[in-house]
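A short write-up of the structure that comes next.
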Amino acid sequence: MTDPRELYQQVILEHNKKPRNFGKLDPCTHHAEGHNPLCGDQLELSLIVENGLVADIKFQGSGCAIDVASASLMTGIVKGKSVAEAEAMVAQFRGMVRGELDPATQAPLLGRLTLFSGVKDLPSRVKCAILPWATLHAALKGEEEASTE
Amino acid sequence: MSATLQPLDITAIRRDFPLLSRVLNGKPVIYLDSAVSGQMPLCAIERMAKYERDEHTNVHRGVSTLSQEATDFYEAAREKVRRFLGAASVREIVWTRGTTEAINLVAQTFGRTVVKAGDELLVSAMEHHANIVPWQMLAQEKGATLKVIPITDDGELILESLDELITERTKLLAVTHVSNVLGTVNPVKEIIARAHARGVPVLVDGAQAVPHLKVDVQDLDADFYVFSGHKLSGPTGIGALYGKLAHLEAMPPWHGGGNMIRSVTWEKTTYMAAPGKFEAGTPPIAAAIGLGAALDYLGNLGLDRIAAQEHDLLVYATERLERIPGLRILGKARDKASVISFVVEGIHPHDMGSLLDGEGVVIRAGHHCAQPLMARYNVPATTRASFAYFNTREDIDVLVSAVEKAIELFK
Ligand SMILES: Cc1ncc(COP(=O)(O)O)c(C=O)c1O
């Protein structure tokens, strides 16, 4: 296994401390809550989707650094993208942190978010990284709740 | 605790635990997770292996020499549990898979018999889910209510509330002897006396108590006392329920099947006397024998010497951890077992857990199966270190520096 310290890189620590897009959009067009029963991580996503594009997105909640940084970076990268692209990112992110996709060649949409690929070596934390993405997937599908269970 | 107590030879003791010399992620293992599960000494591991290798059969089955031998070992282990708990009779010791099963057994037999609609069950705010959910399920089934003894911020039960909480509708009080999160040692003898004065029987969850302190169920006057072998230097899959004989005799059986019957006809089945009527099916024989060996091991070390060593570790760790800026210990009871839960400002316990893991320090980060208690303290989880007799001050030094390193990283 890699040293967990390698995962806690500056970007993750910094986004944990100062999460971007933190808050709630009211009104919004899409909304979902995510819950990680193992950690007690809780996350609420609100989105404004217009003409098939994620025009705006915010999150709030509490969780570990992996979860918060994942949400912060996710909201940044999907903003302005099409719903289809956002869903493709969900699939790539999931595949990457589960170790099923090679971050170097099989996750082209994720950009620097490939820095989460190290999570695959901390199986107990994979769900923390995925939670924001699972919640995004639920919101885009019109579901109110996502769980990593 | 006597000051003249000969201290334990920790160096020798550590040789009895092979896992302690493992290297994980390039770091020597520092096992500070005995509240999750205690490590087994080699003698208990080998006793189980010997059973499986040379003695394996079934118990209470027929006339074969082998079966008689296995039955004798198995029943001898029950006698060791009796002595360990100070019970009057070996008939008061029921084998279970552990604490959880023992509590469910009492809820489903004793509980279902005595609890009616409108009745009340009383638990405390610091219970493990194992001592909450079975009572909730029973209350739901019967239309009874579950009431909660509150705690102070320091993590002590507010005993003054008992007078009001216990009513003529209270059918049982279930309370933990030692909190698995806060380390609080509850004054169960006093609680039992107060409950009994109002005619209320008491179940004590001893899962976290038996590894640390000498228990005497007769002195406590507990109606039921339950524990798990695996937190007591024994194997998983075995534990025990102590019940006063009068209760056990009055209780209906739970699981039906082989071993628990006296005779079966299509018309009518009669049951064994306690404890047999609660022990349907083939039990985990090797585990029971292994637990017996573990109890011998602990007895040889001496429970008072174990308590003295663990108390030293608790005091030392509390002192060192408290000095770390931003670190808060949950649970400051006057009487504590060697369990320390803490949170660090700005670092989620799971991040702390992963970083400590990377340093070889095995601790538990999570809600510890005590979500209502987490809510009481308004934290999602805590990091918890728990110390056993084989731990050293050096182990705590490694913990402290690993915590400091994590804080440095998160700065
Ligand atoms: C206080 C307490 N009660 C009950 C249990 C449940 O024990 P088991 O899972 O062995 O049945 C535990 C174990 O964590 C505990 O700490």
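FYI, nothing fancy with the structure tokens labels: chains A, B, ... in order, residues from 1 per chain, ligands from 1 as they appear.
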
task: Compile the contact shell of segment 107-114 of chain B as a ChimeraX atom specification: residues with an atom at most 10 Å away, counting only C-alpha atoms, same-chain residues fewer than 3 positions apart removed.
output: /B:101-104,119,121,131,134-139,141-142,171-172,247-248,250-255,278

Residue hits in chain B, query chain A, radius 8 Å, only C-alpha atoms, as a PyMOL selection string: chain B and resi 25+347-351+354-355+358+366-367+380-381+410

Filtering to C-alpha atoms, could you give me those residues as a PDB file, in the first residue's frame?
ATOM      1  CA  ASN B  25       3.081  -0.845   5.652  1.00  0.00           C
ATOM      2  CA  ILE B 347      -9.240  16.837  11.270  1.00  0.00           C
ATOM      3  CA  HIS B 348     -11.990  14.319  10.685  1.00  0.00           C
ATOM      4  CA  PRO B 349     -11.447  11.147  12.729  1.00  0.00           C
ATOM      5  CA  HIS B 350     -11.338   9.076   9.550  1.00  0.00           C
ATOM      6  CA  ASP B 351      -8.499  11.142   8.149  1.00  0.00           C
ATOM      7  CA  SER B 354      -5.914   6.627   7.902  1.00  0.00           C
ATOM      8  CA  LEU B 355      -2.849   8.657   8.810  1.00  0.00           C
ATOM      9  CA  GLY B 358       0.025   4.611   7.796  1.00  0.00           C
ATOM     10  CA  GLY B 366     -15.713   5.796  13.666  1.00  0.00           C
ATOM     11  CA  HIS B 367     -18.930   5.979  15.587  1.00  0.00           C
ATOM     12  CA  PRO B 380     -19.734  12.401  13.651  1.00  0.00           C
ATOM     13  CA  ALA B 381     -17.108  10.042  14.981  1.00  0.00           C
ATOM     14  CA  PHE B 410      -3.252  19.386   8.175  1.00  0.00           C
TER      15      PHE B 410
END

- request: Name each residue within 8 Å of ligand 1, counting only C-alpha atoms and all ligand atoms, as a PyMOL selection string.
  value: chain B and resi 35-37+97-102+127-131+176-181+205-208+227-231+236-237+239+368-369

task: Run DSSP on the backbone of this structure and report the residues of chain A it assigns to strand (DSSP E or B), as a ChimeraX atom specification.
output: /A:22,30-36,41-50,53-62,82,145-147

Contacts of Glu50 of chain A within 9 Å, only C-alpha atoms, excl. fewer than 4 positions in-chain, as a JSON list (two decimals) with N, CA and C atoms, in the first residue's frame:
[["chain", "number", "residue", "atom", "x", "y", "z"],
["A", 29, "THR", "N", -32.62, 23.48, -9.78],
["A", 29, "THR", "CA", -33.41, 22.55, -10.61],
["A", 29, "THR", "C", -33.21, 21.10, -10.18],
["A", 54, "VAL", "N", -24.73, 22.11, -16.85],
["A", 54, "VAL", "CA", -24.69, 22.39, -15.41],
["A", 54, "VAL", "C", -24.27, 23.86, -15.26],
["A", 55, "ALA", "N", -25.26, 24.74, -15.13],
["A", 55, "ALA", "CA", -24.96, 26.16, -15.08],
["A", 55, "ALA", "C", -24.34, 26.55, -13.74]]

message: At a cut-off of 9 Å, using only C-alpha atoms, what residues contact segment 136-149 of chain A? Leave out same-chain residues fewer than 5 positions from it and give the result as a VMD selection string.
response: chain A and resid 30 to 38 45 to 47 49 83 86 to 87 90 127 to 128 130 to 131

Export of the given selection (C-alpha atoms) as a tab-separated table (two decimals), in the first residue's frame:
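Below you can see part.tsv, which holds the result:
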chain	number	residue	atom	x	y	z
A	30	HIS	CA	-31.72	19.47	-9.18
A	31	HIS	CA	-31.03	18.45	-5.63
A	32	ALA	CA	-29.88	15.35	-3.76
A	33	GLU	CA	-28.48	14.32	-0.42
A	34	GLY	CA	-25.68	11.86	0.02
A	35	HIS	CA	-24.92	9.85	3.07
A	36	ASN	CA	-22.04	7.59	3.96
A	37	PRO	CA	-23.27	5.40	6.81
A	38	LEU	CA	-19.79	4.18	7.66
A	45	LEU	CA	-25.87	19.05	-3.60
A	46	SER	CA	-27.93	21.64	-5.42
A	47	LEU	CA	-27.66	22.34	-9.13
A	49	VAL	CA	-29.23	22.75	-15.07
A	83	VAL	CA	-25.10	16.67	-18.21
A	86	ALA	CA	-20.86	15.15	-16.05
A	87	GLU	CA	-22.24	11.61	-16.08
A	90	VAL	CA	-18.98	10.19	-12.63
A	127	LYS	CA	-16.63	5.54	-0.41
A	128	CYS	CA	-15.64	8.92	1.01
A	130	ILE	CA	-17.13	8.61	-4.29
A	131	LEU	CA	-19.89	10.14	-2.15

- request: Write down as a PyMOL selection string the residues of segment 281-372 of chain B whose backbone DSSP state falls under helix (DSSP H, G or I).
  value: chain B and resi 285-301+303-322+349-358+371-372

Residue contacts of Ile77 of chain A (10 Å, only C-alpha atoms) excluding same-chain residues fewer than 3 positions away, as a list in words: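 So, after excluding close chain neighbours, the residues are Ala71, Ser72, Leu73, Met74, Gly80, Lys81, Ala86, Met89, Leu109, Leu110, Gly111, Arg112 and Leu113 of chain A.
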
Could you take the residues named above and write them with N, CA and C atoms, as a PDB file, in the first residue's frame?
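What ended up in part-v1.pdb:
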ATOM      1  N   ALA A  71     -15.718  16.753  -3.145  1.00  0.00           N
ATOM      2  CA  ALA A  71     -16.900  17.556  -3.489  1.00  0.00           C
ATOM      3  C   ALA A  71     -16.482  18.916  -4.048  1.00  0.00           C
ATOM      4  N   SER A  72     -15.502  19.522  -3.407  1.00  0.00           N
ATOM      5  CA  SER A  72     -15.059  20.852  -3.834  1.00  0.00           C
ATOM      6  C   SER A  72     -14.498  20.798  -5.252  1.00  0.00           C
ATOM      7  N   LEU A  73     -13.639  19.839  -5.506  1.00  0.00           N
ATOM      8  CA  LEU A  73     -13.031  19.732  -6.841  1.00  0.00           C
ATOM      9  C   LEU A  73     -14.061  19.284  -7.876  1.00  0.00           C
ATOM     10  N   MET A  74     -14.980  18.425  -7.456  1.00  0.00           N
ATOM     11  CA  MET A  74     -16.009  17.962  -8.386  1.00  0.00           C
ATOM     12  C   MET A  74     -16.895  19.118  -8.850  1.00  0.00           C
ATOM     13  N   GLY A  80     -20.464  24.137 -15.869  1.00  0.00           N
ATOM     14  CA  GLY A  80     -20.330  24.526 -17.274  1.00  0.00           C
ATOM     15  C   GLY A  80     -20.299  23.345 -18.233  1.00  0.00           C
ATOM     16  N   LYS A  81     -20.192  22.132 -17.668  1.00  0.00           N
ATOM     17  CA  LYS A  81     -20.173  20.944 -18.536  1.00  0.00           C
ATOM     18  C   LYS A  81     -21.607  20.488 -18.836  1.00  0.00           C
ATOM     19  N   ALA A  86     -20.922  15.320 -17.502  1.00  0.00           N
ATOM     20  CA  ALA A  86     -20.858  15.147 -16.050  1.00  0.00           C
ATOM     21  C   ALA A  86     -21.064  13.676 -15.692  1.00  0.00           C
ATOM     22  N   MET A  89     -18.022  11.757 -16.382  1.00  0.00           N
ATOM     23  CA  MET A  89     -17.015  11.978 -15.336  1.00  0.00           C
ATOM     24  C   MET A  89     -17.310  11.121 -14.106  1.00  0.00           C
ATOM     25  N   LEU A 109     -11.334  12.793 -18.817  1.00  0.00           N
ATOM     26  CA  LEU A 109     -12.165  13.938 -18.452  1.00  0.00           C
ATOM     27  C   LEU A 109     -11.820  14.513 -17.081  1.00  0.00           C
ATOM     28  N   LEU A 110     -11.071  13.767 -16.295  1.00  0.00           N
ATOM     29  CA  LEU A 110     -10.915  14.161 -14.887  1.00  0.00           C
ATOM     30  C   LEU A 110      -9.810  15.174 -14.633  1.00  0.00           C
ATOM     31  N   GLY A 111      -8.923  15.355 -15.614  1.00  0.00           N
ATOM     32  CA  GLY A 111      -7.867  16.342 -15.427  1.00  0.00           C
ATOM     33  C   GLY A 111      -7.073  16.084 -14.160  1.00  0.00           C
ATOM     34  N   ARG A 112      -6.897  17.139 -13.340  1.00  0.00           N
ATOM     35  CA  ARG A 112      -6.049  16.959 -12.146  1.00  0.00           C
ATOM     36  C   ARG A 112      -6.765  16.161 -11.055  1.00  0.00           C
ATOM     37  N   LEU A 113      -8.050  15.878 -11.257  1.00  0.00           N
ATOM     38  CA  LEU A 113      -8.742  15.077 -10.251  1.00  0.00           C
ATOM     39  C   LEU A 113      -8.214  13.639 -10.192  1.00  0.00           C
TER      40      LEU A 113
END

query: Residues at most 8 Å from Ala49 of chain B, counting only C-alpha atoms, excluding those fewer than 4 positions away in the same chain, as a list in words?
result: Ile45, Arg53 and Ala286 of chain B

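Here the question is which of A:Pro103, A:Trp133, A:Pro27, A:Leu115 gets nearest to Ala88 of chain A using only C-alpha atoms, and that residue is A:Trp133.
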
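For segment 240-245 of chain B, the set of protein, DNA and RNA residues having any atom at most 6 Å away, when counting only C-alpha atoms and skipping those fewer than 2 positions along the same chain, is Glu92, Ile93, Val94, Trp95, Thr96, Ala102, Asp223, Phe224, Tyr225, Val226, Phe227, His247, Leu248 and Glu249 of chain B.
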
query: Looking at A:Gly76, A:Pro132, A:Pro19, A:Gly52, which one is nearest to Phe93 of chain A, with distances taken over only C-alpha atoms?
result: A:Pro132
